[in-house]
Amino acid sequence: MRTSLINRDASPAMRAQSTRSGPERVVATFDDYASAEKAVDMLSDRGFPVERTAIVGRDLRYVEHVTGRMTTGKAALNGAVSGAVVGLFVGWFFGLFNWFNPVIASAWLALWGVLIGAALGAIMGAIGHSVLGGRRDFASVGAMQAQHFDLVVDEHVADEAARLLQELPTDVS
């Protein structure tokens with residue numbers, strides 16, 4: 001059974017969906033998300049009330065892919081890029097509202113924001129990497145992955161969903 005908070009600012013359709021609290025049943029299990037998505041799409045194509053379905057990932061695991069070695073130079077470069085983006089936004093924002101002399105163009109403020117942001121970002125990136133003292137000398141990208149995807153349907157329409165899913169081609173399920 002699913003419980004959720006009601007968002008009073010949500011549309012009536014979203015509020016109706018979020019207040020569902022009746023019994024639910026797993027009508028199919030898939031090994032990948034794309035297959036579960038195709039099953040829901042097929043149900044939708046056949047007029048099934050798909051607002052009564054949910055795709056639930058289970059057996060979650062965290063996978064971290066190492067993308068390379070992290071050096072002080074790379075940390076400084078990453079910091080410079082991040083700082084430049086923030087500096088560009090801040091400089092543009094200040095120029096947009098003419099918070100300084102209106103004669104100074106927004107482009108100049110944005111350019112100075114990029115330069116100052118990149119310099120400060122590079123310094124902070126290098127200091128941050130040095131402080132770790134070699135404990136994390138690699139860069140990585142992490143993500144959650146589900147091993148299985150259950151198609152969960154409200155109990156009162158589960159038999160109809162199961163019947164429609166029997167028509168699903170075998171290469172999808």
# chains A, B, ... in the order shown; residues from 1 in each chain; ligands from 1
$ residues_around --residues "region 76-83 of chain A" --least-positions-apart "3" --cutoff "8 Å" --atoms "only C-alpha atoms" --output "ChimeraX atom specification"
/A:72-73,86-87,114,116-126
$ write_last_selection --atoms "C-alpha atoms" --output "PDB file, in the first residue's frame"
ATOM      1  CA  THR A  72      45.186  18.714  -8.124  1.00  0.00           C
ATOM      2  CA  GLY A  73      45.265  20.182 -11.641  1.00  0.00           C
ATOM      3  CA  VAL A  86      28.424  30.841 -11.325  1.00  0.00           C
ATOM      4  CA  GLY A  87      30.370  34.020 -12.060  1.00  0.00           C
ATOM      5  CA  VAL A 114      33.467  34.589 -15.422  1.00  0.00           C
ATOM      6  CA  ILE A 116      36.722  36.136 -11.032  1.00  0.00           C
ATOM      7  CA  GLY A 117      34.541  33.021 -10.640  1.00  0.00           C
ATOM      8  CA  ALA A 118      37.025  30.862 -12.552  1.00  0.00           C
ATOM      9  CA  ALA A 119      39.951  32.113 -10.472  1.00  0.00           C
ATOM     10  CA  LEU A 120      38.178  31.590  -7.148  1.00  0.00           C
ATOM     11  CA  GLY A 121      36.817  28.217  -8.287  1.00  0.00           C
ATOM     12  CA  ALA A 122      40.275  27.006  -9.324  1.00  0.00           C
ATOM     13  CA  ILE A 123      41.760  28.034  -5.992  1.00  0.00           C
ATOM     14  CA  MET A 124      38.952  26.359  -4.026  1.00  0.00           C
ATOM     15  CA  GLY A 125      39.141  23.187  -6.153  1.00  0.00           C
ATOM     16  CA  ALA A 126      42.892  22.867  -5.639  1.00  0.00           C
TER      17      ALA A 126
END
$ residues_around --residues "region 151-163 of chain A" --least-positions-apart "2" --cutoff "12 Å" --atoms "only C-alpha atoms" --output "VMD selection string"
chain A and resid 1 to 2 17 20 to 44 46 to 58 148 to 149 165 to 168 173
$ residues_around --residues "Val90 (chain A)" --least-positions-apart "4" --cutoff "8 Å" --atoms "only C-alpha atoms" --output "number ranges by chain"
A: 86, 94, 110, 113
$ select_by_dssp --residues "chain A" --states "strand (DSSP E or B)" --output "number ranges by chain"
A: 24-30, 53-69, 138-154
$ closest_residue --among "A:Tyr62, A:Trp108, A:Trp92, A:Ala75" --to "Asp137 (chain A)" --atoms "only C-alpha atoms"
A:Ala75
$ select_by_dssp --residues "region 7-157 of chain A" --states "alpha helix (DSSP H)" --output "VMD selection string"
chain A and resid 12 to 18 33 to 45 72 to 96 106 to 132 155 to 157
$ decode --residues "region 34-108 of chain A" --atoms "C-alpha atoms" --output "PDB file, in the first residue's frame"
ATOM      1  CA  ALA A  34      12.143  -0.225 -20.943  1.00  0.00           C
ATOM      2  CA  SER A  35      10.057  -3.415 -20.898  1.00  0.00           C
ATOM      3  CA  ALA A  36       7.927  -2.138 -18.012  1.00  0.00           C
ATOM      4  CA  GLU A  37       7.470   1.146 -19.844  1.00  0.00           C
ATOM      5  CA  LYS A  38       6.365  -0.699 -23.006  1.00  0.00           C
ATOM      6  CA  ALA A  39       3.833  -2.671 -20.961  1.00  0.00           C
ATOM      7  CA  VAL A  40       2.293   0.512 -19.532  1.00  0.00           C
ATOM      8  CA  ASP A  41       2.285   2.062 -23.012  1.00  0.00           C
ATOM      9  CA  MET A  42       0.469  -0.993 -24.357  1.00  0.00           C
ATOM     10  CA  LEU A  43      -2.094  -0.752 -21.541  1.00  0.00           C
ATOM     11  CA  SER A  44      -2.596   2.916 -22.399  1.00  0.00           C
ATOM     12  CA  ASP A  45      -3.064   2.100 -26.096  1.00  0.00           C
ATOM     13  CA  ARG A  46      -5.860  -0.320 -25.127  1.00  0.00           C
ATOM     14  CA  GLY A  47      -7.709   2.263 -23.023  1.00  0.00           C
ATOM     15  CA  PHE A  48      -6.645   0.959 -19.610  1.00  0.00           C
ATOM     16  CA  PRO A  49      -6.700   3.628 -16.839  1.00  0.00           C
ATOM     17  CA  VAL A  50      -2.920   3.935 -16.541  1.00  0.00           C
ATOM     18  CA  GLU A  51      -3.263   6.471 -13.712  1.00  0.00           C
ATOM     19  CA  ARG A  52      -3.968   3.359 -11.618  1.00  0.00           C
ATOM     20  CA  THR A  53      -0.532   1.857 -12.339  1.00  0.00           C
ATOM     21  CA  ALA A  54       2.982   2.319 -11.006  1.00  0.00           C
ATOM     22  CA  ILE A  55       6.382   1.010 -12.064  1.00  0.00           C
ATOM     23  CA  VAL A  56       8.288   0.074  -8.923  1.00  0.00           C
ATOM     24  CA  GLY A  57      12.015  -0.632  -9.061  1.00  0.00           C
ATOM     25  CA  ARG A  58      13.194  -3.146  -6.481  1.00  0.00           C
ATOM     26  CA  ASP A  59      16.433  -4.775  -5.407  1.00  0.00           C
ATOM     27  CA  LEU A  60      18.227  -1.441  -5.649  1.00  0.00           C
ATOM     28  CA  ARG A  61      21.978  -1.154  -5.666  1.00  0.00           C
ATOM     29  CA  TYR A  62      24.337   1.786  -5.856  1.00  0.00           C
ATOM     30  CA  VAL A  63      26.878   1.594  -8.684  1.00  0.00           C
ATOM     31  CA  GLU A  64      29.787   4.016  -8.869  1.00  0.00           C
ATOM     32  CA  HIS A  65      31.707   4.105 -12.156  1.00  0.00           C
ATOM     33  CA  VAL A  66      35.242   5.429 -11.821  1.00  0.00           C
ATOM     34  CA  THR A  67      35.874   7.861 -14.663  1.00  0.00           C
ATOM     35  CA  GLY A  68      39.533   8.611 -14.096  1.00  0.00           C
ATOM     36  CA  ARG A  69      42.307   9.758 -11.839  1.00  0.00           C
ATOM     37  CA  MET A  70      41.830  13.037  -9.968  1.00  0.00           C
ATOM     38  CA  THR A  71      44.860  15.280  -9.677  1.00  0.00           C
ATOM     39  CA  THR A  72      45.186  18.714  -8.124  1.00  0.00           C
ATOM     40  CA  GLY A  73      45.265  20.182 -11.641  1.00  0.00           C
ATOM     41  CA  LYS A  74      42.028  18.441 -12.639  1.00  0.00           C
ATOM     42  CA  ALA A  75      40.390  19.501  -9.376  1.00  0.00           C
ATOM     43  CA  ALA A  76      41.451  23.106 -10.074  1.00  0.00           C
ATOM     44  CA  LEU A  77      40.111  22.878 -13.633  1.00  0.00           C
ATOM     45  CA  ASN A  78      36.771  21.479 -12.434  1.00  0.00           C
ATOM     46  CA  GLY A  79      36.580  24.259  -9.843  1.00  0.00           C
ATOM     47  CA  ALA A  80      37.410  26.876 -12.464  1.00  0.00           C
ATOM     48  CA  VAL A  81      34.637  25.675 -14.767  1.00  0.00           C
ATOM     49  CA  SER A  82      32.089  25.633 -11.931  1.00  0.00           C
ATOM     50  CA  GLY A  83      33.216  29.041 -10.720  1.00  0.00           C
ATOM     51  CA  ALA A  84      33.066  30.504 -14.222  1.00  0.00           C
ATOM     52  CA  VAL A  85      29.461  29.359 -14.661  1.00  0.00           C
ATOM     53  CA  VAL A  86      28.424  30.841 -11.325  1.00  0.00           C
ATOM     54  CA  GLY A  87      30.370  34.020 -12.060  1.00  0.00           C
ATOM     55  CA  LEU A  88      28.716  34.370 -15.454  1.00  0.00           C
ATOM     56  CA  PHE A  89      25.286  34.111 -13.883  1.00  0.00           C
ATOM     57  CA  VAL A  90      26.074  36.560 -11.064  1.00  0.00           C
ATOM     58  CA  GLY A  91      27.675  39.087 -13.448  1.00  0.00           C
ATOM     59  CA  TRP A  92      24.769  38.858 -15.880  1.00  0.00           C
ATOM     60  CA  PHE A  93      22.264  39.208 -13.031  1.00  0.00           C
ATOM     61  CA  PHE A  94      23.985  42.336 -11.684  1.00  0.00           C
ATOM     62  CA  GLY A  95      24.107  43.815 -15.187  1.00  0.00           C
ATOM     63  CA  LEU A  96      20.460  42.976 -15.795  1.00  0.00           C
ATOM     64  CA  PHE A  97      19.298  45.136 -12.896  1.00  0.00           C
ATOM     65  CA  ASN A  98      21.937  47.868 -13.337  1.00  0.00           C
ATOM     66  CA  TRP A  99      23.095  47.517  -9.734  1.00  0.00           C
ATOM     67  CA  PHE A 100      26.327  49.205 -10.734  1.00  0.00           C
ATOM     68  CA  ASN A 101      26.923  52.161 -12.950  1.00  0.00           C
ATOM     69  CA  PRO A 102      24.420  51.791 -15.808  1.00  0.00           C
ATOM     70  CA  VAL A 103      27.164  52.762 -18.254  1.00  0.00           C
ATOM     71  CA  ILE A 104      28.874  49.427 -17.559  1.00  0.00           C
ATOM     72  CA  ALA A 105      27.371  46.925 -19.948  1.00  0.00           C
ATOM     73  CA  SER A 106      25.937  43.624 -18.779  1.00  0.00           C
ATOM     74  CA  ALA A 107      28.429  41.824 -21.000  1.00  0.00           C
ATOM     75  CA  TRP A 108      31.365  43.394 -19.138  1.00  0.00           C
TER      76      TRP A 108
END
